[in-house]
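Peer 1: Below are the structure tokens for one structure; questions will follow.
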2 protein chains.
Amino acid sequence: MNGQNLRIPKRIKRSDQIVESVKRWVALNRMQPGDRLPNERELMEQFECSKGTVREALKSLEVQGLVSIRTGPNGGAVLEPVPYEKASELLRNFLHFEQPSGPEIYALRTLIEPEIAALATPRLSEDDLDTLAKLISRCETDPETFDERIEQRIAELDFHVLLAQRCGNAMLAFIGRFVNDMIRDLVIFKKSALPEQREFSCANLTYHQKLLEAFRAKDAAAARRLMHEHMISAEHFNRELEGQLNQYFLGINH
Amino acid sequence: MNGQNLRIPKRIKRSDQIVESVKRWVALNRMQPGDRLPNERELMEQFECSKGTVREALKSLEVQGLVSIRTGPNGGAVLEPVPYEKASELLRNFLHFEQPSGPEIYALRTLIEPEIAALATPRLSEDDLDTLAKLISRCETDPETFDERIEQRIAELDFHVLLAQRCGNAMLAFIGRFVNDMIRDLVIFKKSALPEQREFSCANLTYHQKLLEAFRAKDAAAARRLMHEHMISAEHFNRELEGQLNQYFLGINH
DNA sequence: TCAGGCAATTTATGCTAATAAATAGAATAA
DNA sequence: TTATTCTATTTATTAGCATAAATTGCCTGA
């Protein structure tokens with residue numbers, strides 16, 4: 001038995017060879033989003049292989065989010081910037097078998113959100129500030145229905161997503177958005193029978209209002225400090241909630 | 001013109017429908033790595049489509065890292081835990097058109113490494129400590145050749161990667177490893193004509209030694225503090241280096 | 001009894017040819 | 001001008017067949 005689970009080098013499939021060739025070609029020619037790849041027929045000739053093989057290669061590029069494929073004249077594979085949704089989906093697959101817990105997600109969030117807030121502060125346009133204000137105002141009324149409560153939680157998360165998108169650091173932006181998306185899923189799926197946490201919503205609202213003031217004043221230091229407090233608070237409430245849910249589920253099993 | 005770049009709902013391709021069906025089926029049945037999917041013939045019957053379509057669907061699942069495909073008896077598509085390399089590659093694609101800069105990468109690193117160090121402290125086995133010690137000892141001799149210098153830098157990075165893998169938070173572990181991989185690429189590719197930074201190597205060595213002591217003493221607070229200092233130091237040296245490289249490249253252009 | 005090789009089986013891999021569906025753009029009709 | 005239809009182009013899907021790879025198990029020879 002060799003140490004690895006997988007057998008050794010293993011033949012590289014024709015379609016994967018084509019994928020690699022195309023990637024190299026794209027990188028070498030400094031091709032940009034919008035540029036078109038040769039159509040299926042030309043690729044068949046270029047790589048001396050059948051249509052099925054070319055289609056597998058294109059499928060691979062499509063799944064990776066590198067191209068989008070259209071039918072019709074001037075159709076074919078067009079280079080695309082990988083959309084966030086694609087990268088997010090693929091990272092979720094990676095995490096599928098080790099489902100990050102709520103506390104794990106919140107721990108990461110506490111690390112990055114203060115920096116995101118600080119970096120975003122000088123980069124927020126007037127429009128951005130308006131959008132943030134609108135998201136806050138959606139949370140100012142007492143929720144009457146369950147769905148309304150969920151909507152408010154999602155508006156809170158969108159507040160953070162917008163900041164992430166403006167922080168100017170692509171990796172930080174991705175992680176920030178991803179983390180908030182994970183929390184959104186927790187809100188929507190795992191906690192549908194969620195007890196109301198009025199204090200929590202209230203604390204969030206206050207922090208978001210104060211943050212907006214800091215953004216308006218272009219005070220990055222204050223934004224960082226406020227966001228840190230906000231995250232500590234949110235982490236605390238989440239721990240409380242997890243405790244309640246555990247009791248709830250344990251109750252069902254007994 | 002509608003707001004989106006893409007046209008509206010667009011027919012969903014048969015192969016993508018199959019991918020979604022299979023994913024749902026896997027999730028519903030709580031299938032685990034090692035479980036097998038039906039073979040091509042069975043899938044053709046199941047979904048009433050041709051082999052080409054099934055093959056495209058399987059290719060998609062393979063590219064996403066969810067299955068590996070083997071020939072032979074008991075072959076076919078087998079569920080796999082998505083390997084880190086796959087997720088990493090796909091996230092790199094996402095970042096391809098907005099190439100994170102050195103400072104951006106180091107900024108993220110400074111945020112997460114101290115927490116990783118603290119979380120990993122109680123989780124490091126004796127073996128892990130030995131491995132860390134070995135990685136440190138590789139950096140204790142003065143590098144004589146260029147390649148040796150690169151090797152030492154990579155050993156330094158492996159030190160951090162091991163910590164990330166032990167921190168017990170899957171998302172943090174992924175990001176930690178990814179960030180250090182990005183830095184590895186910077187070291188190998190962008191800076192091949194790298195000026196020696198003796199002070200930098202020396203500072204790193206000292207920090208790693210002190211960190212190891214903290215790990216041995218199971219002192220998470222000390223580990224966090226040391227790692228934070230270490231990251232501030234590394235960020236500083238990297239800024240210095242980027243400045244030198246900019247001068248160097250500007251010099252070539254004029 | 002056991003090791004090594006051989007062959008059958010299972011499965012993916014790859015190819016060809018033909019038809020269906022979608023789309024953009026040109027031609028046409030109101 | 002505007003709306004509609006037509007047409008050419010290109011992907012999407014199907015069907016069937018030949019090849020290659022990997023495993024299982026049998027069989028041979030020591």
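FYI, nothing fancy with the structure tokens labels: chains A, B, ... in order, residues from 1 per chain, ligands from 1 as they appear.
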Using DSSP on the backbone coordinates, identify all residues within region 121-248 of chain B classified as helix (DSSP H, G or I); present the result as a tab-separated table (two decimals) with N, CA and C atoms, in the first residue's frame.

Peer 2:
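Output (states-v1.tsv):
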```tsv
chain	number	residue	atom	x	y	z
B	121	THR	N	-2.65	26.30	19.51
B	121	THR	CA	-1.78	26.00	20.66
B	121	THR	C	-2.19	24.74	21.44
B	122	PRO	N	-3.44	24.64	21.88
B	122	PRO	CA	-3.78	23.44	22.67
B	122	PRO	C	-3.95	22.19	21.82
B	123	ARG	N	-3.87	22.33	20.50
B	123	ARG	CA	-4.19	21.19	19.64
B	123	ARG	C	-2.95	20.57	19.00
B	126	GLU	N	2.73	16.16	20.02
B	126	GLU	CA	4.20	16.11	20.12
B	126	GLU	C	4.81	16.02	18.73
B	127	ASP	N	4.20	15.21	17.88
B	127	ASP	CA	4.66	15.09	16.49
B	127	ASP	C	4.66	16.44	15.79
B	128	ASP	N	3.56	17.17	15.98
B	128	ASP	CA	3.46	18.48	15.34
B	128	ASP	C	4.60	19.39	15.82
B	129	LEU	N	4.83	19.37	17.12
B	129	LEU	CA	5.90	20.22	17.66
B	129	LEU	C	7.25	19.84	17.06
B	130	ASP	N	7.46	18.53	16.91
B	130	ASP	CA	8.71	18.08	16.28
B	130	ASP	C	8.82	18.60	14.86
B	131	THR	N	7.70	18.47	14.11
B	131	THR	CA	7.71	18.94	12.73
B	131	THR	C	8.03	20.43	12.68
B	132	LEU	N	7.40	21.20	13.55
B	132	LEU	CA	7.67	22.64	13.59
B	132	LEU	C	9.16	22.90	13.88
B	133	ALA	N	9.70	22.13	14.84
B	133	ALA	CA	11.12	22.30	15.19
B	133	ALA	C	12.00	22.01	13.98
B	134	LYS	N	11.65	20.96	13.23
B	134	LYS	CA	12.44	20.62	12.03
B	134	LYS	C	12.38	21.74	11.00
B	135	LEU	N	11.18	22.29	10.81
B	135	LEU	CA	11.04	23.39	9.84
B	135	LEU	C	11.88	24.59	10.27
B	136	ILE	N	11.91	24.84	11.57
B	136	ILE	CA	12.73	25.95	12.06
B	136	ILE	C	14.21	25.68	11.80
B	137	SER	N	14.63	24.45	12.10
B	137	SER	CA	16.06	24.15	12.01
B	137	SER	C	16.57	24.28	10.57
B	146	PHE	N	21.01	30.53	-4.08
B	146	PHE	CA	19.73	31.18	-4.26
B	146	PHE	C	18.58	30.21	-3.94
B	147	ASP	N	18.70	28.99	-4.48
B	147	ASP	CA	17.66	27.99	-4.23
B	147	ASP	C	17.49	27.70	-2.75
B	148	GLU	N	18.60	27.71	-2.04
B	148	GLU	CA	18.54	27.43	-0.61
B	148	GLU	C	17.74	28.51	0.11
B	149	ARG	N	17.91	29.73	-0.36
B	149	ARG	CA	17.18	30.85	0.24
B	149	ARG	C	15.68	30.67	0.03
B	150	ILE	N	15.34	30.29	-1.20
B	150	ILE	CA	13.91	30.04	-1.50
B	150	ILE	C	13.38	28.91	-0.62
B	151	GLU	N	14.16	27.84	-0.51
B	151	GLU	CA	13.73	26.70	0.32
B	151	GLU	C	13.45	27.12	1.75
B	152	GLN	N	14.30	27.97	2.27
B	152	GLN	CA	14.09	28.43	3.64
B	152	GLN	C	12.81	29.24	3.78
B	153	ARG	N	12.56	30.09	2.78
B	153	ARG	CA	11.32	30.86	2.83
B	153	ARG	C	10.11	29.94	2.81
B	154	ILE	N	10.22	28.87	2.01
B	154	ILE	CA	9.10	27.94	1.92
B	154	ILE	C	8.92	27.16	3.21
B	155	ALA	N	10.04	26.82	3.84
B	155	ALA	CA	9.94	26.14	5.14
B	155	ALA	C	9.25	27.04	6.16
B	156	GLU	N	9.58	28.32	6.11
B	156	GLU	CA	8.89	29.28	6.99
B	156	GLU	C	7.38	29.25	6.76
B	157	LEU	N	7.01	29.24	5.49
B	157	LEU	CA	5.57	29.24	5.17
B	157	LEU	C	4.91	27.94	5.62
B	158	ASP	N	5.63	26.82	5.47
B	158	ASP	CA	5.08	25.53	5.89
B	158	ASP	C	4.80	25.51	7.39
B	159	PHE	N	5.62	26.22	8.12
B	159	PHE	CA	5.40	26.40	9.56
B	159	PHE	C	3.98	26.94	9.79
B	160	HIS	N	3.63	27.98	9.05
B	160	HIS	CA	2.31	28.60	9.21
B	160	HIS	C	1.20	27.69	8.71
B	161	VAL	N	1.48	26.96	7.61
B	161	VAL	CA	0.45	26.09	7.05
B	161	VAL	C	0.09	24.99	8.05
B	162	LEU	N	1.09	24.44	8.72
B	162	LEU	CA	0.81	23.39	9.70
B	162	LEU	C	-0.07	23.93	10.82
B	163	LEU	N	0.24	25.12	11.29
B	163	LEU	CA	-0.59	25.73	12.34
B	163	LEU	C	-2.03	25.88	11.85
B	164	ALA	N	-2.19	26.36	10.62
B	164	ALA	CA	-3.54	26.55	10.07
B	164	ALA	C	-4.30	25.24	10.07
B	165	GLN	N	-3.60	24.16	9.67
B	165	GLN	CA	-4.28	22.86	9.60
B	165	GLN	C	-4.69	22.34	10.97
B	166	ARG	N	-4.09	22.85	12.01
B	166	ARG	CA	-4.40	22.36	13.36
B	166	ARG	C	-5.33	23.27	14.13
B	170	ALA	N	-12.47	25.03	10.28
B	170	ALA	CA	-12.25	24.65	8.89
B	170	ALA	C	-12.07	25.87	7.98
B	171	MET	N	-12.85	26.90	8.21
B	171	MET	CA	-12.76	28.07	7.33
B	171	MET	C	-11.46	28.82	7.56
B	172	LEU	N	-11.14	28.98	8.82
B	172	LEU	CA	-9.88	29.65	9.15
B	172	LEU	C	-8.70	28.85	8.61
B	173	ALA	N	-8.79	27.54	8.72
B	173	ALA	CA	-7.72	26.68	8.22
B	173	ALA	C	-7.55	26.86	6.72
B	174	PHE	N	-8.67	26.90	6.01
B	174	PHE	CA	-8.59	27.07	4.56
B	174	PHE	C	-7.95	28.40	4.20
B	175	ILE	N	-8.44	29.46	4.82
B	175	ILE	CA	-7.93	30.79	4.48
B	175	ILE	C	-6.45	30.90	4.83
B	176	GLY	N	-6.08	30.37	5.99
B	176	GLY	CA	-4.68	30.43	6.40
B	176	GLY	C	-3.78	29.74	5.40
B	177	ARG	N	-4.20	28.56	4.98
B	177	ARG	CA	-3.37	27.82	4.03
B	177	ARG	C	-3.32	28.55	2.69
B	178	PHE	N	-4.48	29.07	2.28
B	178	PHE	CA	-4.56	29.75	1.00
B	178	PHE	C	-3.65	30.98	0.97
B	179	VAL	N	-3.70	31.75	2.03
B	179	VAL	CA	-2.89	32.96	2.10
B	179	VAL	C	-1.40	32.61	2.02
B	180	ASN	N	-1.00	31.60	2.75
B	180	ASN	CA	0.42	31.22	2.71
B	180	ASN	C	0.81	30.66	1.35
B	181	ASP	N	-0.13	29.98	0.68
B	181	ASP	CA	0.14	29.52	-0.68
B	181	ASP	C	0.33	30.70	-1.63
B	182	MET	N	-0.47	31.72	-1.45
B	182	MET	CA	-0.32	32.91	-2.31
B	182	MET	C	1.06	33.53	-2.10
B	183	ILE	N	1.47	33.59	-0.85
B	183	ILE	CA	2.78	34.18	-0.57
B	183	ILE	C	3.89	33.31	-1.16
B	184	ARG	N	3.68	31.99	-1.09
B	184	ARG	CA	4.67	31.11	-1.68
B	184	ARG	C	4.86	31.43	-3.16
B	185	ASP	N	3.74	31.65	-3.85
B	185	ASP	CA	3.82	31.98	-5.27
B	185	ASP	C	4.55	33.29	-5.49
B	186	LEU	N	4.29	34.26	-4.64
B	186	LEU	CA	5.01	35.53	-4.75
B	186	LEU	C	6.50	35.28	-4.63
B	187	VAL	N	6.87	34.47	-3.63
B	187	VAL	CA	8.28	34.18	-3.40
B	187	VAL	C	8.90	33.51	-4.61
B	188	ILE	N	8.20	32.53	-5.15
B	188	ILE	CA	8.80	31.74	-6.22
B	188	ILE	C	8.82	32.50	-7.55
B	189	PHE	N	7.69	33.12	-7.91
B	189	PHE	CA	7.64	33.69	-9.25
B	189	PHE	C	8.08	35.15	-9.32
B	190	LYS	N	7.38	35.99	-8.58
B	190	LYS	CA	7.57	37.42	-8.80
B	190	LYS	C	8.94	37.92	-8.39
B	198	ARG	N	18.51	39.72	4.89
B	198	ARG	CA	19.04	38.97	6.02
B	198	ARG	C	18.29	39.29	7.32
B	199	GLU	N	18.02	40.57	7.52
B	199	GLU	CA	17.31	40.97	8.74
B	199	GLU	C	15.96	40.28	8.84
B	200	PHE	N	15.29	40.22	7.67
B	200	PHE	CA	13.95	39.63	7.60
B	200	PHE	C	14.00	38.16	8.01
B	201	SER	N	14.90	37.41	7.36
B	201	SER	CA	15.02	35.98	7.67
B	201	SER	C	15.33	35.78	9.14
B	202	CYS	N	16.20	36.65	9.63
B	202	CYS	CA	16.63	36.54	11.02
B	202	CYS	C	15.47	36.79	11.98
B	203	ALA	N	14.68	37.83	11.67
B	203	ALA	CA	13.52	38.14	12.50
B	203	ALA	C	12.54	36.98	12.48
B	204	ASN	N	12.27	36.45	11.28
B	204	ASN	CA	11.35	35.32	11.17
B	204	ASN	C	11.81	34.16	12.03
B	205	LEU	N	13.09	33.83	11.90
B	205	LEU	CA	13.64	32.71	12.66
B	205	LEU	C	13.41	32.89	14.15
B	206	THR	N	13.74	34.08	14.64
B	206	THR	CA	13.56	34.36	16.07
B	206	THR	C	12.10	34.19	16.49
B	207	TYR	N	11.20	34.76	15.69
B	207	TYR	CA	9.78	34.66	16.04
B	207	TYR	C	9.32	33.21	16.06
B	208	HIS	N	9.76	32.45	15.07
B	208	HIS	CA	9.32	31.05	15.03
B	208	HIS	C	9.85	30.29	16.24
B	209	GLN	N	11.06	30.60	16.62
B	209	GLN	CA	11.62	29.93	17.80
B	209	GLN	C	10.81	30.27	19.06
B	210	LYS	N	10.52	31.56	19.20
B	210	LYS	CA	9.75	31.97	20.38
B	210	LYS	C	8.35	31.37	20.35
B	211	LEU	N	7.76	31.32	19.14
B	211	LEU	CA	6.43	30.73	19.00
B	211	LEU	C	6.44	29.27	19.45
B	212	LEU	N	7.47	28.55	19.01
B	212	LEU	CA	7.55	27.13	19.38
B	212	LEU	C	7.60	26.96	20.89
B	213	GLU	N	8.36	27.85	21.55
B	213	GLU	CA	8.39	27.81	23.01
B	213	GLU	C	7.00	28.00	23.59
B	214	ALA	N	6.29	28.98	23.06
B	214	ALA	CA	4.93	29.24	23.55
B	214	ALA	C	4.03	28.02	23.33
B	215	PHE	N	4.18	27.38	22.16
B	215	PHE	CA	3.37	26.18	21.88
B	215	PHE	C	3.71	25.07	22.88
B	216	ARG	N	5.00	24.90	23.13
B	216	ARG	CA	5.41	23.84	24.06
B	216	ARG	C	4.84	24.11	25.45
B	220	ALA	N	-1.42	29.96	24.93
B	220	ALA	CA	-2.10	30.49	23.75
B	220	ALA	C	-1.99	32.00	23.66
B	221	ALA	N	-2.09	32.67	24.81
B	221	ALA	CA	-2.03	34.14	24.80
B	221	ALA	C	-0.68	34.61	24.28
B	222	ALA	N	0.38	33.97	24.75
B	222	ALA	CA	1.71	34.34	24.27
B	222	ALA	C	1.84	34.07	22.78
B	223	ALA	N	1.30	32.93	22.34
B	223	ALA	CA	1.38	32.59	20.92
B	223	ALA	C	0.68	33.65	20.09
B	224	ARG	N	-0.49	34.07	20.54
B	224	ARG	CA	-1.22	35.09	19.80
B	224	ARG	C	-0.40	36.38	19.71
B	225	ARG	N	0.15	36.79	20.85
B	225	ARG	CA	0.90	38.04	20.90
B	225	ARG	C	2.14	37.96	20.00
B	226	LEU	N	2.89	36.86	20.11
B	226	LEU	CA	4.09	36.70	19.29
B	226	LEU	C	3.76	36.69	17.81
B	227	MET	N	2.69	35.96	17.47
B	227	MET	CA	2.34	35.88	16.05
B	227	MET	C	1.95	37.25	15.52
B	228	HIS	N	1.27	38.01	16.34
B	228	HIS	CA	0.89	39.35	15.91
B	228	HIS	C	2.13	40.21	15.62
B	229	GLU	N	3.06	40.19	16.54
B	229	GLU	CA	4.32	40.93	16.32
B	229	GLU	C	5.00	40.43	15.04
B	230	HIS	N	5.03	39.12	14.90
B	230	HIS	CA	5.68	38.49	13.75
B	230	HIS	C	5.05	39.01	12.45
B	231	MET	N	3.73	39.10	12.43
B	231	MET	CA	3.04	39.53	11.22
B	231	MET	C	3.29	41.02	10.94
B	232	ILE	N	3.29	41.82	11.98
B	232	ILE	CA	3.59	43.24	11.80
B	232	ILE	C	4.98	43.39	11.19
B	233	SER	N	5.91	42.62	11.73
B	233	SER	CA	7.29	42.65	11.23
B	233	SER	C	7.34	42.22	9.76
B	234	ALA	N	6.65	41.12	9.45
B	234	ALA	CA	6.70	40.60	8.08
B	234	ALA	C	6.06	41.60	7.11
B	235	GLU	N	4.95	42.20	7.54
B	235	GLU	CA	4.29	43.20	6.71
B	235	GLU	C	5.26	44.35	6.41
B	236	HIS	N	5.98	44.75	7.45
B	236	HIS	CA	6.94	45.84	7.29
B	236	HIS	C	8.01	45.50	6.26
B	237	PHE	N	8.58	44.31	6.41
B	237	PHE	CA	9.65	43.92	5.48
B	237	PHE	C	9.11	43.78	4.07
B	238	ASN	N	7.87	43.29	3.96
B	238	ASN	CA	7.32	43.14	2.62
B	238	ASN	C	7.12	44.50	1.94
B	239	ARG	N	6.67	45.49	2.74
B	239	ARG	CA	6.51	46.83	2.16
B	239	ARG	C	7.84	47.35	1.65
B	240	GLU	N	8.87	47.15	2.46
B	240	GLU	CA	10.22	47.57	2.08
B	240	GLU	C	10.62	46.91	0.76
B	241	LEU	N	10.35	45.59	0.68
B	241	LEU	CA	10.71	44.83	-0.50
B	241	LEU	C	9.97	45.32	-1.73
B	242	GLU	N	8.66	45.55	-1.58
B	242	GLU	CA	7.87	46.02	-2.71
B	242	GLU	C	8.44	47.34	-3.22
B	243	GLY	N	8.84	48.20	-2.29
B	243	GLY	CA	9.45	49.46	-2.69
B	243	GLY	C	10.69	49.22	-3.53
B	244	GLN	N	11.56	48.34	-3.07
B	244	GLN	CA	12.78	48.03	-3.82
B	244	GLN	C	12.46	47.49	-5.21
B	245	LEU	N	11.46	46.56	-5.26
B	245	LEU	CA	11.12	45.95	-6.54
B	245	LEU	C	10.54	46.99	-7.48
B	246	ASN	N	9.71	47.90	-6.96
B	246	ASN	CA	9.15	48.94	-7.82
B	246	ASN	C	10.26	49.77	-8.44
B	247	GLN	N	11.22	50.18	-7.61
B	247	GLN	CA	12.36	50.93	-8.13
B	247	GLN	C	13.05	50.14	-9.23
B	248	TYR	N	13.23	48.85	-8.96
B	248	TYR	CA	13.92	47.96	-9.89
B	248	TYR	C	13.19	47.93	-11.24
```

Peer 1: For chain B, list the residues within 10 Å of chain D, counting only C-alpha atoms (C1' of nucleotides), and write the list as a PyMOL selection string.

Peer 2: chain B and resi 13-15+49-53+70-75

Peer 1: Would you save the residues of that selection, restricted to N, CA and C atoms, as a compact mmCIF listing (two decimals), in the first residue's frame?

Peer 2:
```txt
# COMPACT_ATOMS: atom_id res chain seq x y z
N LYS B 13 -29.57 23.78 -18.86
CA LYS B 13 -29.11 22.64 -19.65
C LYS B 13 -29.40 21.33 -18.93
N ARG B 14 -29.69 20.33 -19.73
CA ARG B 14 -30.02 19.01 -19.20
C ARG B 14 -28.92 18.54 -18.25
N SER B 15 -27.66 18.71 -18.67
CA SER B 15 -26.56 18.18 -17.85
C SER B 15 -26.51 18.90 -16.49
N CYS B 49 -31.63 10.12 -20.65
CA CYS B 49 -30.87 10.97 -21.57
C CYS B 49 -29.72 10.14 -22.14
N SER B 50 -28.97 10.76 -23.02
CA SER B 50 -27.92 10.00 -23.71
C SER B 50 -26.64 10.02 -22.89
N LYS B 51 -25.69 9.23 -23.36
CA LYS B 51 -24.44 9.11 -22.63
C LYS B 51 -23.67 10.43 -22.60
N GLY B 52 -23.68 11.12 -23.72
CA GLY B 52 -22.96 12.39 -23.78
C GLY B 52 -23.40 13.34 -22.67
N THR B 53 -24.71 13.41 -22.47
CA THR B 53 -25.24 14.32 -21.45
C THR B 53 -24.81 13.88 -20.05
N ARG B 70 -13.39 6.41 -11.93
CA ARG B 70 -12.43 5.33 -12.23
C ARG B 70 -13.03 4.37 -13.25
N THR B 71 -12.17 3.75 -14.02
CA THR B 71 -12.63 2.70 -14.92
C THR B 71 -12.58 1.37 -14.18
N GLY B 72 -13.04 0.35 -14.87
CA GLY B 72 -12.93 -1.00 -14.32
C GLY B 72 -14.08 -1.39 -13.42
N PRO B 73 -14.15 -2.69 -13.07
CA PRO B 73 -15.21 -3.19 -12.19
C PRO B 73 -15.21 -2.41 -10.89
N ASN B 74 -16.36 -2.13 -10.37
CA ASN B 74 -16.49 -1.29 -9.17
C ASN B 74 -15.92 0.11 -9.40
N GLY B 75 -15.82 0.48 -10.67
CA GLY B 75 -15.37 1.83 -10.98
C GLY B 75 -16.54 2.78 -10.98
```

Peer 1: Just list as a list in words whatever in region 20-186 of chain B DSSP marks as strand (DSSP E).

Peer 2: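 Selection result, strand (DSSP E) within region 20-186 of chain B: Val67, Ser68, Ile69, Arg70, Gly76, Ala77, Val78 and Leu79 of chain B.
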
Peer 1: Please identify all residues of chain C having at least one atom at most 7 Å from any atom of chain B, considering only C-alpha atoms (C1' of nucleotides), and return them as a short mmCIF file (atom, residue, chain, number, x, y, z; two decimals) with N, CA and C atoms (P, O5', C5', C4', C3', O3' and C1' of nucleotides), in the first residue's frame.

Peer 2:
```cif
data_model
loop_
_atom_site.label_atom_id
_atom_site.label_comp_id
_atom_site.auth_asym_id
_atom_site.auth_seq_id
_atom_site.Cartn_x
_atom_site.Cartn_y
_atom_site.Cartn_z
P DT C 10 -19.74 -8.41 -16.08
"O5'" DT C 10 -19.36 -6.91 -15.62
"C5'" DT C 10 -18.52 -6.73 -14.48
"C4'" DT C 10 -17.89 -5.36 -14.51
"C3'" DT C 10 -18.84 -4.22 -14.92
"O3'" DT C 10 -18.78 -3.22 -13.94
"C1'" DT C 10 -16.81 -4.09 -16.11
P DT C 11 -20.00 -2.22 -13.73
"O5'" DT C 11 -19.38 -0.88 -14.31
"C5'" DT C 11 -18.22 -0.32 -13.70
"C4'" DT C 11 -17.42 0.46 -14.70
"C3'" DT C 11 -18.20 1.47 -15.53
"O3'" DT C 11 -18.21 2.74 -14.89
"C1'" DT C 11 -16.42 0.44 -16.74
P DA C 12 -18.78 4.01 -15.61
"O5'" DA C 12 -17.50 4.65 -16.29
"C5'" DA C 12 -16.41 5.04 -15.48
"C4'" DA C 12 -15.16 5.22 -16.33
"C3'" DA C 12 -15.12 6.52 -17.14
"O3'" DA C 12 -13.80 7.03 -17.12
"C1'" DA C 12 -14.95 4.68 -18.60
#
```

Peer 1: What residues in chain A have any atom no more than 10 Å from chain B when counting only C-alpha atoms, and can you write them as a PDB file with C-alpha atoms, in the first residue's frame?

Peer 2:
```pdb
ATOM      1  CA  LEU A   6      -5.302   7.707  -4.643  1.00  0.00           C
ATOM      2  CA  SER A  15     -10.360  16.783 -22.053  1.00  0.00           C
ATOM      3  CA  ASP A  16      -8.274  17.885 -19.065  1.00  0.00           C
ATOM      4  CA  ALA A  27      -2.868  33.499 -19.776  1.00  0.00           C
ATOM      5  CA  GLN A  32      -9.660  39.518 -21.073  1.00  0.00           C
ATOM      6  CA  PRO A  33     -13.327  38.963 -20.213  1.00  0.00           C
ATOM      7  CA  GLY A  52     -17.587  15.039 -27.225  1.00  0.00           C
ATOM      8  CA  THR A  53     -14.093  15.587 -25.874  1.00  0.00           C
ATOM      9  CA  ARG A  55     -17.520  19.629 -25.050  1.00  0.00           C
ATOM     10  CA  GLU A  56     -16.200  18.025 -21.871  1.00  0.00           C
ATOM     11  CA  ALA A  57     -13.345  20.495 -21.818  1.00  0.00           C
ATOM     12  CA  LEU A  58     -15.700  23.435 -22.340  1.00  0.00           C
ATOM     13  CA  LYS A  59     -17.964  22.077 -19.625  1.00  0.00           C
ATOM     14  CA  SER A  60     -15.005  22.046 -17.268  1.00  0.00           C
ATOM     15  CA  LEU A  61     -14.163  25.669 -18.056  1.00  0.00           C
ATOM     16  CA  GLU A  62     -17.808  26.593 -17.648  1.00  0.00           C
ATOM     17  CA  VAL A  63     -18.073  24.920 -14.233  1.00  0.00           C
ATOM     18  CA  GLN A  64     -14.964  26.740 -13.113  1.00  0.00           C
ATOM     19  CA  GLY A  65     -16.745  29.947 -14.085  1.00  0.00           C
ATOM     20  CA  LEU A  66     -14.065  30.956 -16.584  1.00  0.00           C
ATOM     21  CA  SER A  68     -19.953  31.242 -20.439  1.00  0.00           C
ATOM     22  CA  GLU A  80     -15.911  35.796 -18.154  1.00  0.00           C
ATOM     23  CA  PRO A  81     -14.645  37.134 -14.876  1.00  0.00           C
ATOM     24  CA  VAL A  82     -15.459  34.359 -12.395  1.00  0.00           C
ATOM     25  CA  PRO A  83     -18.643  35.474 -10.661  1.00  0.00           C
ATOM     26  CA  TYR A  84     -18.675  35.540  -6.881  1.00  0.00           C
ATOM     27  CA  GLU A  85     -21.528  33.050  -6.818  1.00  0.00           C
ATOM     28  CA  LYS A  86     -19.396  30.464  -8.595  1.00  0.00           C
ATOM     29  CA  ALA A  87     -16.423  30.779  -6.276  1.00  0.00           C
ATOM     30  CA  SER A  88     -18.748  30.761  -3.307  1.00  0.00           C
ATOM     31  CA  GLU A  89     -20.505  27.600  -4.465  1.00  0.00           C
ATOM     32  CA  LEU A  90     -17.234  25.786  -4.957  1.00  0.00           C
ATOM     33  CA  LEU A  91     -15.916  26.770  -1.537  1.00  0.00           C
ATOM     34  CA  ARG A  92     -19.153  25.540  -0.043  1.00  0.00           C
ATOM     35  CA  ASN A  93     -18.580  22.160  -1.647  1.00  0.00           C
ATOM     36  CA  PHE A  94     -15.200  22.074   0.034  1.00  0.00           C
ATOM     37  CA  LEU A  95     -16.766  22.763   3.402  1.00  0.00           C
ATOM     38  CA  HIS A  96     -19.683  20.366   2.839  1.00  0.00           C
ATOM     39  CA  PHE A  97     -18.276  17.504   4.875  1.00  0.00           C
ATOM     40  CA  GLU A  98     -16.990  19.629   7.732  1.00  0.00           C
ATOM     41  CA  GLN A  99     -19.989  21.960   8.122  1.00  0.00           C
ATOM     42  CA  PRO A 100     -18.559  24.961   9.963  1.00  0.00           C
ATOM     43  CA  SER A 101     -20.488  25.596  13.165  1.00  0.00           C
ATOM     44  CA  PRO A 103     -19.353  29.795  16.593  1.00  0.00           C
ATOM     45  CA  GLU A 104     -16.648  29.035  14.008  1.00  0.00           C
ATOM     46  CA  ILE A 105     -18.236  31.346  11.485  1.00  0.00           C
ATOM     47  CA  ALA A 107     -15.120  33.751  15.207  1.00  0.00           C
ATOM     48  CA  LEU A 108     -13.841  34.411  11.686  1.00  0.00           C
ATOM     49  CA  LEU A 111     -11.518  38.859  12.989  1.00  0.00           C
ATOM     50  CA  ILE A 112     -12.226  40.451   9.645  1.00  0.00           C
ATOM     51  CA  PRO A 114     -13.442  45.529  11.917  1.00  0.00           C
ATOM     52  CA  GLU A 115     -10.716  45.751   9.274  1.00  0.00           C
ATOM     53  CA  GLY A 168     -10.794  47.459  -1.742  1.00  0.00           C
ATOM     54  CA  ASN A 169      -9.069  44.191  -0.861  1.00  0.00           C
ATOM     55  CA  ALA A 170     -10.363  41.448  -3.144  1.00  0.00           C
ATOM     56  CA  MET A 171      -9.601  38.575  -0.786  1.00  0.00           C
ATOM     57  CA  LEU A 172     -11.032  40.318   2.240  1.00  0.00           C
ATOM     58  CA  PHE A 174     -14.636  37.665  -0.826  1.00  0.00           C
ATOM     59  CA  ILE A 175     -14.272  36.293   2.668  1.00  0.00           C
ATOM     60  CA  VAL A 179     -19.076  34.674   5.853  1.00  0.00           C
TER      61      VAL A 179
END
```
